[in-house]
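Below is the file my_file-v3.cif, which contains mmCIF, N, CA and C atoms and all ligand atoms.
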data_input
loop_
_atom_site.label_atom_id
_atom_site.label_comp_id
_atom_site.auth_asym_id
_atom_site.auth_seq_id
_atom_site.Cartn_x
_atom_site.Cartn_y
_atom_site.Cartn_z
N MET R 1202 129.09 101.95 119.99
CA MET R 1202 129.56 101.11 118.88
C MET R 1202 129.10 101.73 117.56
N PRO R 1203 129.98 101.84 116.58
CA PRO R 1203 129.53 102.42 115.30
C PRO R 1203 128.53 101.52 114.59
N SER R 1204 127.62 102.17 113.91
CA SER R 1204 126.58 101.42 113.20
C SER R 1204 126.58 101.85 111.73
N ALA R 1205 125.88 101.08 110.92
CA ALA R 1205 125.79 101.38 109.49
C ALA R 1205 124.54 100.72 108.93
N VAL R 1206 124.20 101.11 107.72
CA VAL R 1206 123.10 100.48 106.99
C VAL R 1206 123.70 99.74 105.79
N VAL R 1207 123.37 98.46 105.67
CA VAL R 1207 123.81 97.64 104.54
C VAL R 1207 122.63 97.45 103.60
N VAL R 1208 122.87 97.63 102.31
CA VAL R 1208 121.79 97.49 101.32
C VAL R 1208 122.17 96.42 100.30
N ARG R 1209 121.31 95.43 100.18
CA ARG R 1209 121.47 94.39 99.16
C ARG R 1209 120.36 94.57 98.12
N ARG R 1210 120.74 94.56 96.86
CA ARG R 1210 119.73 94.68 95.80
C ARG R 1210 119.37 93.32 95.26
N GLY R 1211 118.10 93.15 94.92
CA GLY R 1211 117.63 91.94 94.28
C GLY R 1211 116.71 92.30 93.13
N HIS R 1212 116.37 91.32 92.33
CA HIS R 1212 115.58 91.57 91.13
C HIS R 1212 114.65 90.40 90.88
N PHE R 1213 113.45 90.71 90.40
CA PHE R 1213 112.59 89.64 89.87
C PHE R 1213 111.65 90.25 88.83
N ASN R 1214 111.16 89.38 87.95
CA ASN R 1214 110.14 89.76 86.97
C ASN R 1214 108.84 89.08 87.37
N ALA R 1215 107.73 89.81 87.25
CA ALA R 1215 106.45 89.17 87.56
C ALA R 1215 105.33 89.90 86.83
N ALA R 1216 104.21 89.17 86.68
CA ALA R 1216 103.01 89.74 86.07
C ALA R 1216 101.97 89.98 87.16
N HIS R 1217 101.11 90.96 86.91
CA HIS R 1217 100.00 91.19 87.83
C HIS R 1217 98.88 91.93 87.12
N ARG R 1218 97.77 92.01 87.84
CA ARG R 1218 96.64 92.84 87.43
C ARG R 1218 96.04 93.42 88.70
N LEU R 1219 95.79 94.73 88.68
CA LEU R 1219 95.12 95.36 89.81
C LEU R 1219 93.62 95.40 89.52
N HIS R 1220 92.88 94.65 90.31
CA HIS R 1220 91.43 94.55 90.12
C HIS R 1220 90.81 94.19 91.46
N ASN R 1221 89.90 95.05 91.93
CA ASN R 1221 89.20 94.78 93.19
C ASN R 1221 87.85 94.12 92.86
N PRO R 1222 87.72 92.82 93.17
CA PRO R 1222 86.50 92.10 92.76
C PRO R 1222 85.25 92.58 93.48
N ASP R 1223 85.41 93.36 94.54
CA ASP R 1223 84.25 93.88 95.27
C ASP R 1223 83.66 95.12 94.60
N ARG R 1224 84.35 95.63 93.60
CA ARG R 1224 83.89 96.86 92.94
C ARG R 1224 83.56 96.57 91.48
N SER R 1225 82.85 97.53 90.85
CA SER R 1225 82.42 97.36 89.46
C SER R 1225 83.61 97.45 88.51
N ASP R 1226 83.38 96.96 87.29
CA ASP R 1226 84.43 97.08 86.28
C ASP R 1226 84.77 98.55 86.03
N GLU R 1227 83.76 99.42 86.02
CA GLU R 1227 84.01 100.84 85.77
C GLU R 1227 84.87 101.44 86.90
N TRP R 1228 84.51 101.08 88.14
CA TRP R 1228 85.30 101.57 89.28
C TRP R 1228 86.75 101.13 89.14
N ASN R 1229 86.95 99.88 88.76
CA ASN R 1229 88.31 99.34 88.62
C ASN R 1229 89.08 100.04 87.50
N ARG R 1230 88.40 100.29 86.39
CA ARG R 1230 89.09 101.00 85.29
C ARG R 1230 89.49 102.40 85.72
N ASN R 1231 88.61 103.07 86.45
CA ASN R 1231 88.93 104.43 86.92
C ASN R 1231 90.06 104.42 87.94
N ALA R 1232 90.04 103.42 88.83
CA ALA R 1232 91.03 103.39 89.91
C ALA R 1232 92.41 102.98 89.40
N PHE R 1233 92.45 102.05 88.46
CA PHE R 1233 93.73 101.41 88.13
C PHE R 1233 94.21 101.65 86.71
N GLY R 1234 93.36 102.23 85.85
CA GLY R 1234 93.79 102.53 84.49
C GLY R 1234 94.34 101.29 83.81
N PRO R 1235 95.47 101.43 83.10
CA PRO R 1235 96.01 100.28 82.35
C PRO R 1235 96.43 99.12 83.25
N CYS R 1236 96.68 99.37 84.54
CA CYS R 1236 97.02 98.26 85.44
C CYS R 1236 95.82 97.36 85.69
N ASN R 1237 94.61 97.77 85.21
CA ASN R 1237 93.41 96.94 85.31
C ASN R 1237 93.18 96.11 84.05
N ASN R 1238 94.03 96.25 83.03
CA ASN R 1238 93.83 95.49 81.79
C ASN R 1238 93.63 94.01 82.11
N PRO R 1239 92.62 93.38 81.49
CA PRO R 1239 92.23 92.03 81.92
C PRO R 1239 93.33 90.97 81.79
N ASN R 1240 94.19 91.10 80.79
CA ASN R 1240 95.11 90.01 80.52
C ASN R 1240 96.50 90.17 81.14
N PHE R 1241 96.56 90.94 82.23
CA PHE R 1241 97.79 91.06 83.00
C PHE R 1241 98.88 91.83 82.24
N HIS R 1242 99.92 92.22 82.96
CA HIS R 1242 101.09 92.88 82.37
C HIS R 1242 102.24 92.66 83.34
N GLY R 1243 103.44 92.90 82.86
CA GLY R 1243 104.61 92.57 83.67
C GLY R 1243 105.40 93.78 84.11
N HIS R 1244 106.21 93.57 85.14
CA HIS R 1244 107.16 94.59 85.61
C HIS R 1244 108.49 93.92 85.89
N ASN R 1245 109.56 94.70 85.75
CA ASN R 1245 110.89 94.29 86.20
C ASN R 1245 111.12 94.94 87.56
N TYR R 1246 110.90 94.18 88.60
CA TYR R 1246 110.97 94.73 89.95
C TYR R 1246 112.41 94.72 90.45
N GLU R 1247 112.79 95.81 91.10
CA GLU R 1247 114.08 95.90 91.79
C GLU R 1247 113.79 96.07 93.27
N VAL R 1248 114.50 95.32 94.09
CA VAL R 1248 114.28 95.34 95.54
C VAL R 1248 115.55 95.81 96.22
N GLU R 1249 115.43 96.70 97.18
CA GLU R 1249 116.55 97.06 98.04
C GLU R 1249 116.21 96.63 99.46
N ILE R 1250 117.05 95.76 100.00
CA ILE R 1250 116.88 95.24 101.35
C ILE R 1250 117.86 96.01 102.24
N CYS R 1251 117.35 96.82 103.15
CA CYS R 1251 118.19 97.72 103.95
C CYS R 1251 118.24 97.21 105.39
N VAL R 1252 119.43 96.85 105.85
CA VAL R 1252 119.61 96.29 107.19
C VAL R 1252 120.51 97.24 107.99
N GLU R 1253 120.00 97.63 109.14
CA GLU R 1253 120.69 98.59 110.00
C GLU R 1253 121.19 97.88 111.26
N GLY R 1254 122.40 98.23 111.71
CA GLY R 1254 122.86 97.62 112.95
C GLY R 1254 124.27 98.04 113.31
N ASP R 1255 124.70 97.53 114.44
CA ASP R 1255 126.06 97.79 114.90
C ASP R 1255 127.06 97.02 114.04
N ILE R 1256 128.23 97.60 113.87
CA ILE R 1256 129.29 96.93 113.12
C ILE R 1256 130.02 95.97 114.05
N ASP R 1257 130.01 94.70 113.68
CA ASP R 1257 130.68 93.67 114.48
C ASP R 1257 132.19 93.90 114.40
N PRO R 1258 132.87 94.13 115.53
CA PRO R 1258 134.31 94.42 115.46
C PRO R 1258 135.14 93.24 114.95
N GLU R 1259 134.61 92.02 115.04
CA GLU R 1259 135.36 90.86 114.57
C GLU R 1259 135.34 90.72 113.06
N THR R 1260 134.25 91.16 112.41
CA THR R 1260 134.13 91.01 110.96
C THR R 1260 134.13 92.33 110.22
N GLY R 1261 133.81 93.41 110.92
CA GLY R 1261 133.60 94.68 110.24
C GLY R 1261 132.28 94.77 109.53
N TYR R 1262 131.43 93.74 109.69
CA TYR R 1262 130.13 93.69 109.03
C TYR R 1262 129.01 94.08 109.98
N VAL R 1263 127.92 94.62 109.41
CA VAL R 1263 126.63 94.64 110.11
C VAL R 1263 125.97 93.27 109.93
N VAL R 1264 125.93 92.84 108.67
CA VAL R 1264 125.40 91.52 108.33
C VAL R 1264 126.10 91.11 107.04
N ASP R 1265 126.36 89.83 106.90
CA ASP R 1265 127.02 89.32 105.71
C ASP R 1265 126.06 89.41 104.51
N VAL R 1266 126.44 90.14 103.47
CA VAL R 1266 125.53 90.29 102.33
C VAL R 1266 125.27 88.96 101.63
N ALA R 1267 126.16 88.00 101.80
CA ALA R 1267 125.90 86.67 101.21
C ALA R 1267 124.66 86.04 101.86
N ILE R 1268 124.46 86.33 103.14
CA ILE R 1268 123.25 85.82 103.81
C ILE R 1268 122.02 86.54 103.27
N LEU R 1269 122.11 87.84 103.04
CA LEU R 1269 120.97 88.58 102.48
C LEU R 1269 120.63 88.06 101.08
N LYS R 1270 121.66 87.76 100.30
CA LYS R 1270 121.42 87.19 98.96
C LYS R 1270 120.71 85.85 99.09
N ALA R 1271 121.17 85.00 99.99
CA ALA R 1271 120.58 83.67 100.14
C ALA R 1271 119.12 83.77 100.61
N LEU R 1272 118.84 84.68 101.54
CA LEU R 1272 117.46 84.85 102.02
C LEU R 1272 116.56 85.35 100.90
N PHE R 1273 117.08 86.32 100.12
CA PHE R 1273 116.30 86.84 99.01
C PHE R 1273 116.00 85.74 98.00
N ASP R 1274 117.02 84.97 97.66
CA ASP R 1274 116.83 83.90 96.66
C ASP R 1274 115.79 82.88 97.14
N GLN R 1275 115.89 82.48 98.41
CA GLN R 1275 115.03 81.41 98.91
C GLN R 1275 113.59 81.85 99.15
N TYR R 1276 113.41 83.05 99.71
CA TYR R 1276 112.08 83.43 100.17
C TYR R 1276 111.37 84.44 99.26
N ILE R 1277 112.09 85.10 98.38
CA ILE R 1277 111.46 86.08 97.49
C ILE R 1277 111.58 85.66 96.03
N HIS R 1278 112.81 85.54 95.54
CA HIS R 1278 113.00 85.24 94.12
C HIS R 1278 112.33 83.93 93.73
N SER R 1279 112.51 82.90 94.53
CA SER R 1279 111.97 81.58 94.16
C SER R 1279 110.44 81.58 94.20
N VAL R 1280 109.85 82.51 94.93
CA VAL R 1280 108.38 82.55 95.05
C VAL R 1280 107.75 83.48 94.01
N LEU R 1281 108.44 84.58 93.69
CA LEU R 1281 107.81 85.62 92.86
C LEU R 1281 108.32 85.66 91.41
N ASP R 1282 109.56 85.23 91.17
CA ASP R 1282 110.15 85.47 89.85
C ASP R 1282 109.46 84.65 88.76
N HIS R 1283 109.13 85.33 87.66
CA HIS R 1283 108.46 84.72 86.51
C HIS R 1283 107.12 84.08 86.91
N ARG R 1284 106.44 84.71 87.87
CA ARG R 1284 105.11 84.24 88.28
C ARG R 1284 104.07 85.30 87.94
N ASN R 1285 102.84 84.83 87.88
CA ASN R 1285 101.69 85.71 87.85
C ASN R 1285 101.27 85.88 89.31
N LEU R 1286 101.44 87.07 89.84
CA LEU R 1286 101.22 87.27 91.28
C LEU R 1286 99.77 86.98 91.66
N ASN R 1287 98.83 87.34 90.80
CA ASN R 1287 97.42 87.11 91.11
C ASN R 1287 97.09 85.62 91.17
N LEU R 1288 97.65 84.86 90.25
CA LEU R 1288 97.23 83.46 90.09
C LEU R 1288 98.16 82.46 90.76
N ASP R 1289 99.43 82.80 90.89
CA ASP R 1289 100.43 81.81 91.30
C ASP R 1289 100.89 81.94 92.75
N VAL R 1290 100.63 83.06 93.38
CA VAL R 1290 101.21 83.31 94.71
C VAL R 1290 100.08 83.40 95.73
N GLU R 1291 100.03 82.40 96.60
CA GLU R 1291 98.93 82.27 97.56
C GLU R 1291 98.71 83.54 98.39
N TRP R 1292 99.80 84.20 98.77
CA TRP R 1292 99.71 85.38 99.66
C TRP R 1292 98.82 86.45 99.04
N PHE R 1293 98.77 86.50 97.69
CA PHE R 1293 97.99 87.53 97.00
C PHE R 1293 96.59 87.04 96.61
N ALA R 1294 96.20 85.88 97.09
CA ALA R 1294 94.87 85.36 96.74
C ALA R 1294 93.78 86.32 97.17
N ASN R 1295 93.97 87.01 98.29
CA ASN R 1295 92.96 87.97 98.75
C ASN R 1295 93.56 89.34 99.05
N ARG R 1296 94.66 89.65 98.34
CA ARG R 1296 95.27 90.98 98.45
C ARG R 1296 95.58 91.49 97.06
N LEU R 1297 95.43 92.78 96.83
CA LEU R 1297 95.82 93.36 95.55
C LEU R 1297 97.34 93.34 95.43
N PRO R 1298 97.87 92.87 94.29
CA PRO R 1298 99.33 92.80 94.12
C PRO R 1298 99.93 94.14 93.68
N SER R 1299 99.63 95.17 94.45
CA SER R 1299 100.23 96.49 94.21
C SER R 1299 101.67 96.48 94.70
N ALA R 1300 102.44 97.47 94.26
CA ALA R 1300 103.82 97.57 94.74
C ALA R 1300 103.84 97.67 96.27
N GLU R 1301 102.89 98.41 96.83
CA GLU R 1301 102.83 98.55 98.29
C GLU R 1301 102.71 97.18 98.96
N ASN R 1302 101.76 96.37 98.46
CA ASN R 1302 101.54 95.08 99.10
C ASN R 1302 102.69 94.10 98.83
N ILE R 1303 103.32 94.22 97.66
CA ILE R 1303 104.49 93.36 97.40
C ILE R 1303 105.61 93.70 98.39
N ALA R 1304 105.79 94.99 98.66
CA ALA R 1304 106.81 95.40 99.63
C ALA R 1304 106.49 94.85 101.02
N VAL R 1305 105.21 94.85 101.39
CA VAL R 1305 104.81 94.27 102.69
C VAL R 1305 105.10 92.77 102.71
N PHE R 1306 104.79 92.09 101.62
CA PHE R 1306 105.09 90.66 101.53
C PHE R 1306 106.59 90.41 101.76
N ILE R 1307 107.42 91.18 101.07
CA ILE R 1307 108.87 90.99 101.19
C ILE R 1307 109.31 91.27 102.63
N TRP R 1308 108.77 92.33 103.22
CA TRP R 1308 109.10 92.64 104.62
C TRP R 1308 108.74 91.46 105.52
N GLU R 1309 107.54 90.94 105.36
CA GLU R 1309 107.09 89.86 106.26
C GLU R 1309 107.94 88.60 106.12
N GLN R 1310 108.40 88.34 104.89
CA GLN R 1310 109.24 87.15 104.69
C GLN R 1310 110.63 87.33 105.29
N LEU R 1311 111.19 88.53 105.14
CA LEU R 1311 112.60 88.71 105.49
C LEU R 1311 112.83 89.19 106.92
N ALA R 1312 111.97 90.05 107.44
CA ALA R 1312 112.25 90.67 108.74
C ALA R 1312 112.58 89.65 109.83
N PRO R 1313 111.79 88.56 109.97
CA PRO R 1313 112.11 87.62 111.06
C PRO R 1313 113.34 86.77 110.80
N ARG R 1314 113.90 86.85 109.59
CA ARG R 1314 115.01 85.95 109.24
C ARG R 1314 116.36 86.66 109.16
N ILE R 1315 116.40 87.96 109.40
CA ILE R 1315 117.67 88.69 109.33
C ILE R 1315 118.50 88.29 110.56
N PRO R 1316 119.70 87.71 110.37
CA PRO R 1316 120.42 87.13 111.49
C PRO R 1316 121.22 88.12 112.33
N ALA R 1317 121.47 89.33 111.79
CA ALA R 1317 122.23 90.33 112.53
C ALA R 1317 121.73 91.69 112.10
N GLY R 1318 121.73 92.66 113.04
CA GLY R 1318 121.10 93.93 112.74
C GLY R 1318 119.60 93.76 112.66
N ARG R 1319 118.92 94.72 112.07
CA ARG R 1319 117.46 94.59 111.92
C ARG R 1319 117.07 95.17 110.57
N LEU R 1320 116.02 94.59 110.00
CA LEU R 1320 115.53 95.10 108.72
C LEU R 1320 115.00 96.51 108.94
N GLN R 1321 115.59 97.46 108.25
CA GLN R 1321 115.20 98.87 108.41
C GLN R 1321 114.12 99.24 107.40
N LYS R 1322 114.26 98.71 106.17
CA LYS R 1322 113.38 99.18 105.11
C LYS R 1322 113.47 98.23 103.92
N ILE R 1323 112.34 98.04 103.29
CA ILE R 1323 112.30 97.43 101.96
C ILE R 1323 111.91 98.53 100.98
N ARG R 1324 112.73 98.74 99.99
CA ARG R 1324 112.37 99.66 98.90
C ARG R 1324 112.15 98.82 97.66
N LEU R 1325 110.99 98.97 97.06
CA LEU R 1325 110.63 98.17 95.88
C LEU R 1325 110.37 99.11 94.71
N TRP R 1326 111.20 98.96 93.68
CA TRP R 1326 111.02 99.73 92.45
C TRP R 1326 110.14 98.94 91.51
N GLU R 1327 109.01 99.51 91.10
CA GLU R 1327 108.14 98.84 90.12
C GLU R 1327 108.48 99.27 88.71
N THR R 1328 108.92 100.51 88.58
CA THR R 1328 109.45 101.03 87.32
C THR R 1328 110.66 101.86 87.69
N PRO R 1329 111.47 102.27 86.71
CA PRO R 1329 112.62 103.12 87.06
C PRO R 1329 112.22 104.45 87.69
N ARG R 1330 110.92 104.79 87.61
CA ARG R 1330 110.48 106.08 88.13
C ARG R 1330 109.63 105.97 89.39
N ASN R 1331 109.16 104.77 89.74
CA ASN R 1331 108.24 104.61 90.88
C ASN R 1331 108.78 103.59 91.87
N TYR R 1332 108.87 103.99 93.13
CA TYR R 1332 109.16 102.99 94.15
C TYR R 1332 108.29 103.22 95.38
N VAL R 1333 108.17 102.16 96.16
CA VAL R 1333 107.48 102.25 97.45
C VAL R 1333 108.44 101.73 98.51
N GLU R 1334 108.18 102.14 99.75
CA GLU R 1334 108.99 101.69 100.87
C GLU R 1334 108.09 101.12 101.95
N ASP R 1335 108.56 100.07 102.59
CA ASP R 1335 107.86 99.54 103.76
C ASP R 1335 108.88 99.38 104.88
N SER R 1336 108.48 99.81 106.06
CA SER R 1336 109.35 99.70 107.24
C SER R 1336 108.68 98.90 108.34
N GLY R 1337 107.80 98.02 107.96
CA GLY R 1337 107.17 97.14 108.95
C GLY R 1337 105.95 97.78 109.58
NI NI V 1 101.40 97.15 87.04
#

Conversion result in structure tokens:
Amino acid sequence: MPSAVVVRRGHFNAAHRLHNPDRSDEWNRNAFGPCNNPNFHGHNYEVEICVEGDIDPETGYVVDVAILKALFDQYIHSVLDHRNLNLDVEWFANRLPSAENIAVFIWEQLAPRIPAGRLQKIRLWETPRNYVEDSG
């Protein structure tokens, strides 16, 4: 059966600060540079949700992108958009809100909910020049 990868893009804005409370202020400044600034800063995050699977001969789809949009809106956008990730999102209470960990969060929320095919990859752009990928 022919297969394909379907990619749905999503977007959210959020603030964060990278700071490891187990380490000294100097260590944090060296490790994180301006991302350690005390009063937080924001990013315009772009998400690519990549779903791989067989093409259903009845629909021609791997998965309906309207479902991917709805899952993104309910489980990612509504939780992360216009939030301070450090202060507002419970999942990050004891995790650094790095792009890597945000991608893991998105993977964990979406992977079990994809109704057809399987989640192949989350690609998260933190800036137009930097992205991370998580594949579970
Ligand atoms: Ni940052």

field: Of the listed residues R:Pro1329, R:Pro1313, R:Gly1318, R:Gly1243, that which approaches R:Asn1285 most closely, counting only C-alpha atoms
entry: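 Counting only C-alpha atoms, the residue closest to R:Asn1285 is R:Gly1243.
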
field: Exercise: R:Leu1219 partners within 10 Å, only C-alpha atoms, chain neighbours under 2 positions left out, as a list in words
entry: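 Using only C-alpha atoms, the neighbours found are His1217, Asn1221, Pro1222, Asn1229, Arg1230, Ala1232, Phe1233, Gly1234, Pro1235, Cys1236, Asn1237, Asn1238, Pro1239, Phe1241, His1242, Asn1287, Arg1296, Leu1297, Pro1298 and Ser1299 of chain R.
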
task: Return as a list in words the full set of residues in stretch 1271-1323 of chain R whose backbone-based DSSP assignment is strand (DSSP E or B).
output: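 Of stretch 1271-1323 of chain R, only Arg1284, Asn1285, Arg1319, Leu1320, Gln1321, Lys1322 and Ile1323 of chain R fall in strand (DSSP E or B).
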
- prompt: How far is it from atom N of R:Glu1259 to atom C of R:Arg1324, in Å with one decimal?
  reply: 29.2 Å

message: Quick one: residues within 6.5 Å of R:His1244, all atoms listed in the file, excluding same-chain residues fewer than 3 positions away - as a list of chain:residue names?
response: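 So the residues in contact are R:Phe1213, R:Asn1214, R:Ala1215, R:Ala1216, R:His1217, R:Glu1327.
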
- prompt: For R:Asn1245, which residue among R:Tyr1332, R:Phe1293, R:Trp1228, R:Phe1273 is the nearest when counting only C-alpha atoms?
  reply: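 Of all the options, R:Tyr1332 lies closest to R:Asn1245.
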
message: Restricting the calculation to only C-alpha atoms and all ligand atoms: of R:Arg1314, R:Glu1227, R:Arg1284, R:Arg1218, which residue gets closest to ligand NI 1 (chain V)?
response: R:Arg1218

query: What does the distance from atom CA of R:Asn1295 to atom CA of R:Gly1211 come to in Å, to one decimal?
result: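 Spanning atom CA of R:Asn1295 to atom CA of R:Gly1211 is a straight-line distance of 25.4 Å.
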
- request: Work out how far apart atom CA of R:Val1206 and atom CA of R:Gly1261 are and give it in Å to one decimal.
  value: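 Between these atoms lies a distance of 12.4 Å.
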
message: Give me, as a count of residues only, all polymer residues having an atom no more than 8 Å from R:Val1208, counting all atoms listed in the file and skipping those fewer than 2 positions away in the same chain.
response: 11

- request: Around the point (105.3, 98.4, 106.1) in the file's coordinates, collect all residues with an atom within 7 Å, using all atoms listed in the file, and return them as a list in words.
  value: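 Output: Ala1304, Val1305, Glu1334, Asp1335, Ser1336 and Gly1337 of chain R.
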
- request: Would you mind listing what lies within 8 Å of R:Ser1204 as a PyMOL selection string, with all atoms listed in the file counted and same-chain residues fewer than 2 positions away left out?
  value: chain R and resi 1202+1206-1207+1253-1257+1263

query: Looking at only N, CA and C atoms and all ligand atoms, which of R:His1212, R:Leu1286, R:Ala1300, R:Leu1269 is the one that sits closest to ligand NI 1 (chain V)?
result: R:Ala1300
